[in-house]
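> Input: one structure, supplied below.
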Amino acid sequence: MIEFSKELLALADEAEAALAGEFAHIAKVSHENTARVMAAFAEHRVDAACFAPTTGYGYDDRGRDVLDRIFADVMGAEAAFVRHSIVNGTHALTIGLFGLLRTGDVMLSLTGKPYDTLEEVIGIAGTPGNGSLADYGVEYRGVEMINGRELDYERIGEILRSEEGKRVKVCFIQRSKGYLNRKTLTVDEIGEAVRFVKSIRPDAFVVVDNCYGEFTETKEPPAVGADLAIGSLIKNPGGGMAETGGYLAGTAKAVELCSYRLTCPGIGLEVGATLGQNKHMFRGIFYAPHTVAEALKTAHFAAYIFRALGYAVEPAPEALRSDIIQTVITGSAEGLCAFCRGIQAGSPVDAYVTPEPWAMPGYRDQVIMAAGTFVQGASIELSADGPLRAPYTAFFQGGLTFESGRIGVLSAATEVLRTCNT
Ligand SMILES: *Cc1c(COP(=O)(O)O)cnc(C)c1O
């Protein structure tokens, strides 16, 4: 068992007492989201037949169809599909973008540079000829947020009203700050952006990268008019239970177009054997509101502890969240490595492993990662990483249970104090 100092345990008690208001808010959100999920389960008559594996073409897979309906309802969308065969969030987003965009169209990002792995999909990085959107003649434009805090409506409006604006087929919004130094958008802010876009270009699709945002609030982007919300099941909506997969939810028209990219034009959602994965995904969406609440509590707790120890944290401990990501500026390479070592040692799986920085393909600086997870790379489970460059920021998220997340955070604090205060 990991031993924590008396001082640190006292600080942990202080943190929990100080965060009672935030924890109560998180519980309220979780109650409301759980009620929405359970209403969808009842409405669509979830039963044991939904968990039966199918093989081959997977015709008449009741569980698959019911789960699609449940995701649609929970997201406030007209339609959705959820598949274990979507390998990650990038794949889900790729299905969404290729499903909607055609040669000559423009994709306009309203939140600046999209997530790293999308650059090769769009064709602003990587090898020409690999089959990116650019290879197919889809153009990309991005509008940076003002000071990383708000959407640049003036510039977005200018582009949408211009001659080129007539070719904008997709307006793209990344809800979470991801690993960037910007604000995470709330669902209401996304709704405002949708209304703005549609007031100028009613036929343009608004597509939201919803990764890390699901269930942190009581509604999701399709409920405020987004044509698509897209995410990964090894993050929030898999509840720590789904073993792999992704989802797309939105308007019937957008989801249908994307279903032809998921499988084939003309075939869409009528096939796809689920091989016994349905139960994990049903369990995942059932647990997701609760698991996200545990991850949020862990993030607030980490913010409190590390701010008290003198480190800059973002968001602040008392700030309400629209995603599960917490950053701690460790200020040194030793500090960042110590933070990750502590998270790893305070994880349920691979606690004996020591993470080391390595030269990850596609990154300029070395990167260190900690993930002692049941599902490989699952970041709804306690995990941390960061590039080895100033100011040595640790990006931290997840925690399947607050009790275990609390141990992970205290373990990280112990390791950082031992390394940096000598
Ligand atoms: C995680 C994430 C993705 C997708 O990443 P995968 O590793 O492919 O699942 C995309 N956008 C954001 C903002 C993310 O956090």
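Identifiers in the structure tokens: chain A, B, ... in order shown; residue index from 1 per chain; ligand index from 1 in order shown.
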Just the residues within 10 Å of A:Glu16, please, counting only C-alpha atoms, with nothing from its chain fewer than 5 positions along; format it as JSON, numbers by chain.
{"A": [11, 21, 22, 23, 297, 300, 301, 304, 305]}
> For the residues selected in the previous step, produce a file with all heavy atoms as a PDB file, in the first residue's frame.

ATOM      1  N   LEU A  11      -4.326  17.627   3.883  1.00  0.00           N
ATOM      2  CA  LEU A  11      -4.654  18.480   2.731  1.00  0.00           C
ATOM      3  C   LEU A  11      -5.770  17.838   1.893  1.00  0.00           C
ATOM      4  O   LEU A  11      -6.660  18.537   1.386  1.00  0.00           O
ATOM      5  CB  LEU A  11      -3.395  18.710   1.880  1.00  0.00           C
ATOM      6  CG  LEU A  11      -3.558  19.597   0.646  1.00  0.00           C
ATOM      7  CD1 LEU A  11      -4.038  20.995   1.009  1.00  0.00           C
ATOM      8  CD2 LEU A  11      -2.229  19.682  -0.138  1.00  0.00           C
ATOM      9  N   GLY A  21     -19.219  21.918  -2.579  1.00  0.00           N
ATOM     10  CA  GLY A  21     -20.169  22.569  -3.487  1.00  0.00           C
ATOM     11  C   GLY A  21     -20.008  22.058  -4.910  1.00  0.00           C
ATOM     12  O   GLY A  21     -20.996  21.763  -5.600  1.00  0.00           O
ATOM     13  N   GLU A  22     -18.758  21.956  -5.372  1.00  0.00           N
ATOM     14  CA  GLU A  22     -18.491  21.473  -6.731  1.00  0.00           C
ATOM     15  C   GLU A  22     -18.935  20.007  -6.861  1.00  0.00           C
ATOM     16  O   GLU A  22     -19.540  19.618  -7.861  1.00  0.00           O
ATOM     17  CB  GLU A  22     -16.991  21.592  -7.061  1.00  0.00           C
ATOM     18  CG  GLU A  22     -16.513  23.015  -7.307  1.00  0.00           C
ATOM     19  CD  GLU A  22     -16.392  23.852  -6.042  1.00  0.00           C
ATOM     20  OE1 GLU A  22     -16.348  23.267  -4.932  1.00  0.00           O
ATOM     21  OE2 GLU A  22     -16.366  25.089  -6.149  1.00  0.00           O
ATOM     22  N   PHE A  23     -18.639  19.201  -5.823  1.00  0.00           N
ATOM     23  CA  PHE A  23     -19.019  17.791  -5.872  1.00  0.00           C
ATOM     24  C   PHE A  23     -20.549  17.642  -5.910  1.00  0.00           C
ATOM     25  O   PHE A  23     -21.085  16.763  -6.573  1.00  0.00           O
ATOM     26  CB  PHE A  23     -18.440  17.026  -4.670  1.00  0.00           C
ATOM     27  CG  PHE A  23     -16.960  16.696  -4.808  1.00  0.00           C
ATOM     28  CD1 PHE A  23     -16.165  17.403  -5.708  1.00  0.00           C
ATOM     29  CD2 PHE A  23     -16.388  15.697  -4.045  1.00  0.00           C
ATOM     30  CE1 PHE A  23     -14.797  17.111  -5.836  1.00  0.00           C
ATOM     31  CE2 PHE A  23     -15.034  15.387  -4.176  1.00  0.00           C
ATOM     32  CZ  PHE A  23     -14.234  16.100  -5.059  1.00  0.00           C
ATOM     33  N   LYS A 297     -14.608  14.722 -10.390  1.00  0.00           N
ATOM     34  CA  LYS A 297     -14.225  14.934  -8.981  1.00  0.00           C
ATOM     35  C   LYS A 297     -12.710  14.785  -8.828  1.00  0.00           C
ATOM     36  O   LYS A 297     -12.061  15.571  -8.114  1.00  0.00           O
ATOM     37  CB  LYS A 297     -14.966  13.947  -8.070  1.00  0.00           C
ATOM     38  CG  LYS A 297     -16.429  14.318  -7.864  1.00  0.00           C
ATOM     39  CD  LYS A 297     -17.082  13.483  -6.781  1.00  0.00           C
ATOM     40  CE  LYS A 297     -17.522  12.136  -7.316  1.00  0.00           C
ATOM     41  NZ  LYS A 297     -18.243  11.338  -6.304  1.00  0.00           N
ATOM     42  N   HIS A 300     -11.059  18.024 -10.120  1.00  0.00           N
ATOM     43  CA  HIS A 300     -11.162  19.128  -9.147  1.00  0.00           C
ATOM     44  C   HIS A 300     -10.197  18.893  -7.974  1.00  0.00           C
ATOM     45  O   HIS A 300      -9.534  19.816  -7.503  1.00  0.00           O
ATOM     46  CB  HIS A 300     -12.592  19.218  -8.590  1.00  0.00           C
ATOM     47  CG  HIS A 300     -13.585  19.869  -9.519  1.00  0.00           C
ATOM     48  ND1 HIS A 300     -13.777  21.232  -9.567  1.00  0.00           N
ATOM     49  CD2 HIS A 300     -14.445  19.348 -10.424  1.00  0.00           C
ATOM     50  CE1 HIS A 300     -14.726  21.527 -10.451  1.00  0.00           C
ATOM     51  NE2 HIS A 300     -15.148  20.388 -10.996  1.00  0.00           N
ATOM     52  N   PHE A 301     -10.165  17.651  -7.507  1.00  0.00           N
ATOM     53  CA  PHE A 301      -9.314  17.288  -6.370  1.00  0.00           C
ATOM     54  C   PHE A 301      -7.843  17.536  -6.711  1.00  0.00           C
ATOM     55  O   PHE A 301      -7.096  18.138  -5.927  1.00  0.00           O
ATOM     56  CB  PHE A 301      -9.570  15.816  -6.022  1.00  0.00           C
ATOM     57  CG  PHE A 301      -8.781  15.301  -4.856  1.00  0.00           C
ATOM     58  CD1 PHE A 301      -9.156  15.611  -3.559  1.00  0.00           C
ATOM     59  CD2 PHE A 301      -7.674  14.490  -5.062  1.00  0.00           C
ATOM     60  CE1 PHE A 301      -8.432  15.120  -2.474  1.00  0.00           C
ATOM     61  CE2 PHE A 301      -6.952  13.997  -3.988  1.00  0.00           C
ATOM     62  CZ  PHE A 301      -7.328  14.305  -2.693  1.00  0.00           C
ATOM     63  N   TYR A 304      -7.056  21.187  -6.726  1.00  0.00           N
ATOM     64  CA  TYR A 304      -6.956  21.739  -5.367  1.00  0.00           C
ATOM     65  C   TYR A 304      -5.605  21.399  -4.729  1.00  0.00           C
ATOM     66  O   TYR A 304      -4.913  22.269  -4.192  1.00  0.00           O
ATOM     67  CB  TYR A 304      -8.098  21.212  -4.479  1.00  0.00           C
ATOM     68  CG  TYR A 304      -8.193  21.950  -3.167  1.00  0.00           C
ATOM     69  CD1 TYR A 304      -9.093  22.997  -3.013  1.00  0.00           C
ATOM     70  CD2 TYR A 304      -7.360  21.624  -2.099  1.00  0.00           C
ATOM     71  CE1 TYR A 304      -9.168  23.702  -1.827  1.00  0.00           C
ATOM     72  CE2 TYR A 304      -7.415  22.320  -0.910  1.00  0.00           C
ATOM     73  CZ  TYR A 304      -8.340  23.353  -0.770  1.00  0.00           C
ATOM     74  OH  TYR A 304      -8.398  24.057   0.406  1.00  0.00           O
ATOM     75  N   ILE A 305      -5.250  20.114  -4.792  1.00  0.00           N
ATOM     76  CA  ILE A 305      -4.014  19.649  -4.151  1.00  0.00           C
ATOM     77  C   ILE A 305      -2.795  20.363  -4.743  1.00  0.00           C
ATOM     78  O   ILE A 305      -1.956  20.909  -4.025  1.00  0.00           O
ATOM     79  CB  ILE A 305      -3.850  18.116  -4.324  1.00  0.00           C
ATOM     80  CG1 ILE A 305      -4.972  17.369  -3.596  1.00  0.00           C
ATOM     81  CG2 ILE A 305      -2.465  17.649  -3.861  1.00  0.00           C
ATOM     82  CD1 ILE A 305      -4.907  17.398  -2.096  1.00  0.00           C
TER      83      ILE A 305
END
> Neighbours of ligand 1 at 6 Å or closer, counting only C-alpha atoms and all ligand atoms: which residues, as a ChimeraX atom specification?
/A:88-90,115,176,178,209,211-212,232
> Which one is closest to A:Phe81: A:Tyr260, A:Phe98, A:Tyr392, A:Tyr57? Count only C-alpha atoms.
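The answer is A:Tyr260, which sits nearest to A:Phe81.
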> List as a PyMOL selection string the protein and nucleic acid residues near stretch 350-359 of chain A, meaning an atom at most 8 Å away when only C-alpha atoms are counted, but skip any in the same chain fewer than 3 places from it.
chain A and resi 337+340-341+344-347+363-370+372-373+388
> Could you pull out the strand (DSSP E) residues of stretch 185-362 of chain A from DSSP and send them as a list in words?
Phe205, Val206, Val207, Val208, Asp209, Leu228, Ala229, Ile230, Gly231, Ser232, Gly246, Tyr247, Leu248, Ala249, Gly250, Ala312, Val313, Glu314, Gln326, Thr327, Val328 and Ile329 of chain A
> Any chance you can output those residues with C-alpha atoms as an mmCIF file, in the first residue's frame?

data_model
loop_
_atom_site.group_PDB
_atom_site.id
_atom_site.type_symbol
_atom_site.label_atom_id
_atom_site.label_comp_id
_atom_site.auth_asym_id
_atom_site.auth_seq_id
_atom_site.Cartn_x
_atom_site.Cartn_y
_atom_site.Cartn_z
ATOM 1 C CA PHE A 205 -23.333 21.126 -41.412
ATOM 2 C CA VAL A 206 -21.978 21.913 -37.948
ATOM 3 C CA VAL A 207 -19.785 19.020 -36.811
ATOM 4 C CA VAL A 208 -18.566 18.814 -33.205
ATOM 5 C CA ASP A 209 -15.541 16.866 -32.007
ATOM 6 C CA LEU A 228 -23.090 15.799 -35.683
ATOM 7 C CA ALA A 229 -21.344 15.072 -32.385
ATOM 8 C CA ILE A 230 -18.540 12.546 -32.601
ATOM 9 C CA GLY A 231 -16.513 10.720 -29.964
ATOM 10 C CA SER A 232 -14.589 7.716 -28.699
ATOM 11 C CA GLY A 246 -16.804 5.177 -31.363
ATOM 12 C CA TYR A 247 -20.072 6.975 -32.105
ATOM 13 C CA LEU A 248 -21.636 9.625 -34.322
ATOM 14 C CA ALA A 249 -24.943 11.262 -33.367
ATOM 15 C CA GLY A 250 -26.875 14.041 -35.067
ATOM 16 C CA ALA A 312 -0.294 26.654 -11.521
ATOM 17 C CA VAL A 313 -3.335 24.577 -12.493
ATOM 18 C CA GLU A 314 -5.974 24.971 -15.202
ATOM 19 C CA GLN A 326 -6.876 19.015 -15.943
ATOM 20 C CA THR A 327 -3.445 20.543 -16.388
ATOM 21 C CA VAL A 328 -0.725 21.043 -13.802
ATOM 22 C CA ILE A 329 2.329 23.118 -14.727
#
> Which of these residues is nearest to A:Phe374, using only C-alpha atoms: A:Thr244, A:Thr393, A:Thr251, A:Thr274?
A:Thr244
> Given the choices A:Leu417, A:Ala308, A:Glu158, A:Tyr179, which gets closest to A:Thr117 if the distance is worked out from only C-alpha atoms?
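Closest to A:Thr117, using only C-alpha atoms: A:Tyr179.
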> Skip A:Ala302 itself and residues of its chain fewer than 5 positions away, then list as number ranges by chain all residues within 12 Å of it, counting only C-alpha atoms.
A: 11-12, 15-16, 19, 295-297, 307-309, 311-318, 324-328, 339, 343, 382, 384, 394-399, 402, 405-413
> Mind checking which residues fall within 10 Å of stretch 187-195 of chain A, counting only C-alpha atoms, ignoring those fewer than 2 positions away in the same chain, and posting them as a PyMOL selection string?
chain A and resi 110+150-151+153+156+171+173-175+184-185+197-202+204-208+210+213+216-227+322
> Distance atom CA of A:Leu320-atom CA of A:Ser30, one decimal place?
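Computing the Euclidean distance for atom CA of A:Leu320 and atom CA of A:Ser30 yields 13.7 Å.
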> Atom CA of A:Ala293 and atom CA of A:Arg69, how far apart in Å?
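Atom CA of A:Ala293 lies at a distance of 23.7 Å from atom CA of A:Arg69.
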> List every residue of stretch 110-326 of chain A that DSSP, applied to the backbone of this structure, assigns to alpha helix (DSSP H), and report them as a VMD selection string.
chain A and resid 118 to 122 153 to 161 187 to 200 252 to 262 278 to 308
> At a cut-off of 9 Å, can you tabulate as CSV every residue of stretch 236-316 of chain A near stretch 41-49 of chain A together with its closest atom pair and the distance in Å to one decimal, using only C-alpha atoms and ordering rows by chain then number?

residue,atom,partner,partner_atom,distance
A:Lys279,CA,A:Ala48,CA,8.9
A:Phe282,CA,A:Val46,CA,8.9
A:Phe286,CA,A:Phe41,CA,8.7
> Of the candidates A:Glu3, A:Ile95, A:Lys235, A:Met145, which shows the shortest atom-to-atom distance to A:Ser132, using only C-alpha atoms?
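Closest residue, counting only C-alpha atoms: A:Ile95.
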> Could you tell me how far atom CA of A:Asp73 sits from atom CA of A:Val37, in Å to one decimal place?
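About the pair atom CA of A:Val37 and atom CA of A:Asp73: they are 8.2 Å apart.
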